[in-house]
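Colleague: My structure is below; once you've seen it, I'll send some questions.
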Amino acid sequence: MARQIFAGRKIRHLRAQLGLTQVAMAGQLDISAAYLNLVEHNQRPLSRKLQKKLESVLPVKEGELSGGEEARMLSALEELFSDPLFDRNRPGGATLGDFVAVHPEICRAVLKLYRAFRNAREDRLKARESLSADPYFADTSHKLLTQLTSIRSFAEILQDNDDLSDHQRGRFTDVLVDESKKLTLMVGELFDFINGESLESSSLSETPTDEVVDMLSVNDHYFPELEDAAEQLRERIGNPQPYGLFDALVHYLDEQLGISVEIVPVTTQPSLKKGMWELEGEDGGVLRLMETLSVSSLVFRLARVVAEVAYADVLEKTLARGHVSSDEARRLCLKALGSYFAGALMMPYAAFRQAALELRHDIDLLRRRFRVGFEQVCHRLTTLQKPQEEGVPFHFVRVDLAGQISKRFSASGLRIPRYGVLPAQWGVQDAFLKPGRISTHSMRAEDMAIYFSITRTVTKPGTMVGQAGNTFAVSLGCEVSFARHMVYADGLDFTHPDSVLPPVKK
């Protein structure tokens, strides 16, 4: 069920660099020249066997022809050039594809520059909104206009009245000088205020969240070290059944790490450091969790604390393979890896993958079997990327009511917007009209590929009595050829043109 790999442009470019004809290279690969021609024109996917042969012939590193990074880069560039800024000089898809294959470093530089431009543009808009709503700015603007009006009035008096006495002219001139000094001070204070606001958002690098998404994507959202560590921990705690995992983790935290677990009643309305939880103490301590958390969320939190405390070295080694540019990005990456460990512990790879196939990805049945939440199941399904034992290549996205994306990952090939909000054509926001119910959706993308997805709302509990929680829409989807593996697609006819939406508009 692995996603299909198309790396034709890169193969064609590397072959040309070596000065080989298609016939000559086909001979080295022990395939026909006609088949190599189809591969180079992305008319045939790259099999693992052919990929290994190509890696032995071409000047590439192992795994470089997987096409994952190229696909992500091409997707990001297509989104970049969909900006109205490029309406008059937007390159075609084929041109972009060739450029990505031949000049990946330039593409990365262009994307970095565009992110800087987007951040700067958004910062400017935010600053404008902030300034217009700030009472100090409004009051100072009014004073400036009053001051300018006063100066202009005195200047017009001096200009229009030639019969003023020297005494009168001198008095008006003194007033002009005084008013001008006040204006200079006022303008200086205003610039100090504006500069103070803008310094908070002066960074032009890509956001830490973007770096986390890139780190996950580069690794195809699969981390074997964390899978192994989670499996080792399950063996240490006696391979408990899902309903016994909570007690087993509480015991492990207490006995092995010296951390006692306390469930905090919501009626006390405490002020926990993280809203729903807090961990106090360096060596050992107390882990406090709000009772409003579901059992699956409680287990998830326990597992992540175990990862961060007992398996910190594994998290660090895994992160060391990536490239993060700031402390904040590093913190978020470690948090994401800790969450991955928790998901792997709660839903062991082999057992979960087998269950997903047997139950045909019925999310409700999966969450009941493994005692986990709807979003946890969807997220775990995207991590089934173990070579030779892959699951269905899914894409996953979580948005709020406004369409703002808070989580995204795509193994299906569907391009998920990196900037802005999720388009309404995706149908994800429609889930808010039917809270708690699973809805299905099909969509034809710009490359004419059809994708099938399911969406449902999930609500995070409030921290106090009577406090409403945050509600999100979670969507899980795949390319239509994999839809037969999902129970939700039964009875749907994807060959009929009315069953899919028009191409997604940029």
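Residues are referred to by chain and number: the chain letter is A, B, ... according to the order shown in the structure tokens, the number counts from 1 in that chain, and ligands are numbered separately from 1 in the order shown.
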Leaving out stretch 173-190 of chain A and any residue of its chain fewer than 4 positions from it, which residues lie within 7 Å of it when counting only C-alpha atoms, given as a list in words?

Modeller: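 With the cut-off at 7 Å, the set is Leu144, Gln147, Ile151, Phe154, Arg169 and Ile194 of chain A.
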
Colleague: Emit the selected residues as an mmCIF file, in the first residue's frame, including C-alpha atoms.

Modeller:
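Below you can see selection.cif, which holds the result:
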data_model
loop_
_atom_site.group_PDB
_atom_site.id
_atom_site.type_symbol
_atom_site.label_atom_id
_atom_site.label_comp_id
_atom_site.auth_asym_id
_atom_site.auth_seq_id
_atom_site.Cartn_x
_atom_site.Cartn_y
_atom_site.Cartn_z
ATOM 1 C CA LEU A 144 -0.803 65.261 15.524
ATOM 2 C CA GLN A 147 -0.895 70.253 15.956
ATOM 3 C CA ILE A 151 0.948 75.224 12.598
ATOM 4 C CA PHE A 154 -0.243 80.397 11.936
ATOM 5 C CA ARG A 169 5.064 88.770 13.163
ATOM 6 C CA ILE A 194 5.735 51.930 16.266
#

Colleague: Take atom CA of A:Gly413 and atom CA of A:Pro393 and report the distance between them in Å, one decimal.

Modeller: 8.4 Å

Colleague: For A:Ser475, find every residue with an atom within 12 Å (counting only C-alpha atoms), except residues of its own chain fewer than 2 positions away, and show them as an MDAnalysis selection string.

Modeller: chainID A and resid 363 374:379 381:382 394:400 405:410 416 422 426:432 438:442 451:458 472:473 477:478

Colleague: Just to be explicit: take each residue in the selection above, keep C-alpha atoms, and write the result as a CSV table (one decimal), in the first residue's frame.

Modeller:
chain,number,residue,atom,x,y,z
A,363,ILE,CA,-12.3,4.6,13.1
A,374,PHE,CA,-10.9,9.6,17.2
A,375,GLU,CA,-8.1,12.1,16.5
A,376,GLN,CA,-5.5,9.7,18.0
A,377,VAL,CA,-6.6,7.0,15.6
A,378,CYS,CA,-6.5,9.3,12.6
A,379,HIS,CA,-3.0,10.6,13.5
A,381,LEU,CA,-2.9,5.9,10.7
A,382,THR,CA,-0.6,8.5,9.0
A,394,PHE,CA,-3.3,8.9,4.2
A,395,HIS,CA,-3.4,12.7,4.5
A,396,PHE,CA,-4.5,14.3,7.8
A,397,VAL,CA,-5.6,17.8,8.6
A,398,ARG,CA,-7.1,19.5,11.6
A,399,VAL,CA,-8.8,22.9,11.4
A,400,ASP,CA,-10.8,25.3,13.5
A,405,ILE,CA,-4.9,24.7,10.0
A,406,SER,CA,-3.4,23.5,13.3
A,407,LYS,CA,-2.2,20.0,12.1
A,408,ARG,CA,-1.4,18.7,8.7
A,409,PHE,CA,0.4,15.8,7.0
A,410,SER,CA,0.1,14.2,3.6
A,416,ILE,CA,-2.3,20.7,1.8
A,422,LEU,CA,-8.1,25.5,4.1
A,426,TRP,CA,-12.3,20.6,0.8
A,427,GLY,CA,-15.5,20.3,2.8
A,428,VAL,CA,-13.7,20.0,6.1
A,429,GLN,CA,-15.5,22.9,7.7
A,430,ASP,CA,-18.8,21.4,6.8
A,431,ALA,CA,-18.3,19.0,9.8
A,432,PHE,CA,-19.1,21.9,12.1
A,438,ILE,CA,-18.7,11.4,10.4
A,439,SER,CA,-19.2,12.9,7.0
A,440,THR,CA,-17.6,11.8,3.7
A,441,HIS,CA,-16.3,13.9,0.9
A,442,SER,CA,-14.7,13.4,-2.5
A,451,TYR,CA,-9.3,12.0,-3.2
A,452,PHE,CA,-11.7,10.6,-0.7
A,453,SER,CA,-11.9,11.7,2.9
A,454,ILE,CA,-13.9,11.5,6.1
A,455,THR,CA,-14.3,14.3,8.6
A,456,ARG,CA,-15.6,14.7,12.1
A,457,THR,CA,-15.5,17.3,14.8
A,458,VAL,CA,-13.6,16.7,18.1
A,472,PHE,CA,-11.9,21.3,15.7
A,473,ALA,CA,-12.7,19.4,12.5
A,477,GLY,CA,-8.3,11.0,3.4
A,478,CYS,CA,-6.5,9.0,0.7

Colleague: Extract, using only C-alpha atoms, all DNA, RNA and protein residues at most 12 Å from A:Gln354, discarding same-chain residues fewer than 2 positions from it, and format them as a list in words.

Modeller: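 After dropping sequence-adjacent residues, the list is Met347, Pro348, Tyr349, Ala350, Ala351, Phe352, Ala356, Leu357, Glu358, Leu359, Arg360, His361, Leu366, Leu381, Leu384, Glu389, Glu390, Gly391 and Val392 of chain A.
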
Colleague: Let me make sure I understand: among A:Val110, A:Ala7, A:Leu50, A:Leu74, which one has the smallest atom-to-atom distance to A:Gln28 if we use only C-alpha atoms?

Modeller: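 Smallest separation from A:Gln28 among the options: A:Leu50.
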
Colleague: Excluding A:Ala449 and residues on its chain fewer than 3 positions from it, collect all residues at most 8 Å away from it, counting only C-alpha atoms, and give them as a ChimeraX atom specification.

Modeller: /A:444-446,479-480

Colleague: For the residues in that selection, give me C-alpha atoms as a compact mmCIF listing (two decimals), in the first residue's frame.

Modeller:
# COMPACT_ATOMS: atom_id res chain seq x y z
CA ARG A 444 -10.86 16.24 -7.70
CA ALA A 445 -7.52 18.03 -7.34
CA GLU A 446 -5.85 20.21 -9.95
CA GLU A 479 -6.22 8.84 -3.11
CA VAL A 480 -9.34 7.20 -4.51

Colleague: Pick out the closest residue to A:Leu401 from this set: A:Leu14, A:Glu316, A:Gly244, A:Thr459. Count only C-alpha atoms.

Modeller: A:Thr459

Colleague: Just give me the gap between atom CA of A:Arg115 and atom CA of A:Leu319 in Å, one decimal is fine.

Modeller: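 If I compute the distance from atom CA of A:Arg115 to atom CA of A:Leu319, I get 23.2 Å.
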
Colleague: Write out as a PyMOL selection string which residues come within 6 Å of stretch 250-266 of chain A when counting only C-alpha atoms, dropping same-chain ones fewer than 2 positions away.

Modeller: chain A and resi 247-248+268-269+284-291+464

Colleague: Would you give me, as a PyMOL selection string, the residues in stretch 211-289 of chain A that DSSP reads as alpha helix (DSSP H)?

Modeller: chain A and resi 211-218+224-236+245-257

Colleague: Using only C-alpha atoms, which of A:Gln385, A:Ser481, A:Thr471, A:Gln404 sits nearest A:Ser217?

Modeller: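 So, comparing all the options, the nearest one is A:Gln385.
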
Colleague: Need the shell around A:Tyr243: protein/DNA/RNA residues with any atom at most 8 Å away, counting only C-alpha atoms. Skip same-chain ones fewer than 2 positions apart. Format as a list in words?

Modeller: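 Contacts, with the query itself left out: Pro240, Gln241, Leu245, Phe246, Phe370 and Arg371 of chain A.
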
Colleague: Would you mind exporting C-alpha atoms of the selected residues as an mmCIF file, in the first residue's frame?

Modeller:
data_model
loop_
_atom_site.group_PDB
_atom_site.id
_atom_site.type_symbol
_atom_site.label_atom_id
_atom_site.label_comp_id
_atom_site.auth_asym_id
_atom_site.auth_seq_id
_atom_site.Cartn_x
_atom_site.Cartn_y
_atom_site.Cartn_z
ATOM 1 C CA PRO A 240 -0.943 -4.683 29.208
ATOM 2 C CA GLN A 241 -4.253 -4.697 27.362
ATOM 3 C CA LEU A 245 -2.391 0.681 30.171
ATOM 4 C CA PHE A 246 -3.319 3.564 32.471
ATOM 5 C CA PHE A 370 -7.381 0.309 21.460
ATOM 6 C CA ARG A 371 -9.227 2.597 23.930
#

Colleague: Atom CA of A:Asn119 to atom CA of A:Phe99: how many Å, to one decimal?

Modeller: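 Taking atom CA of A:Asn119 as the start and atom CA of A:Phe99 as the end point, the length is 24.8 Å.
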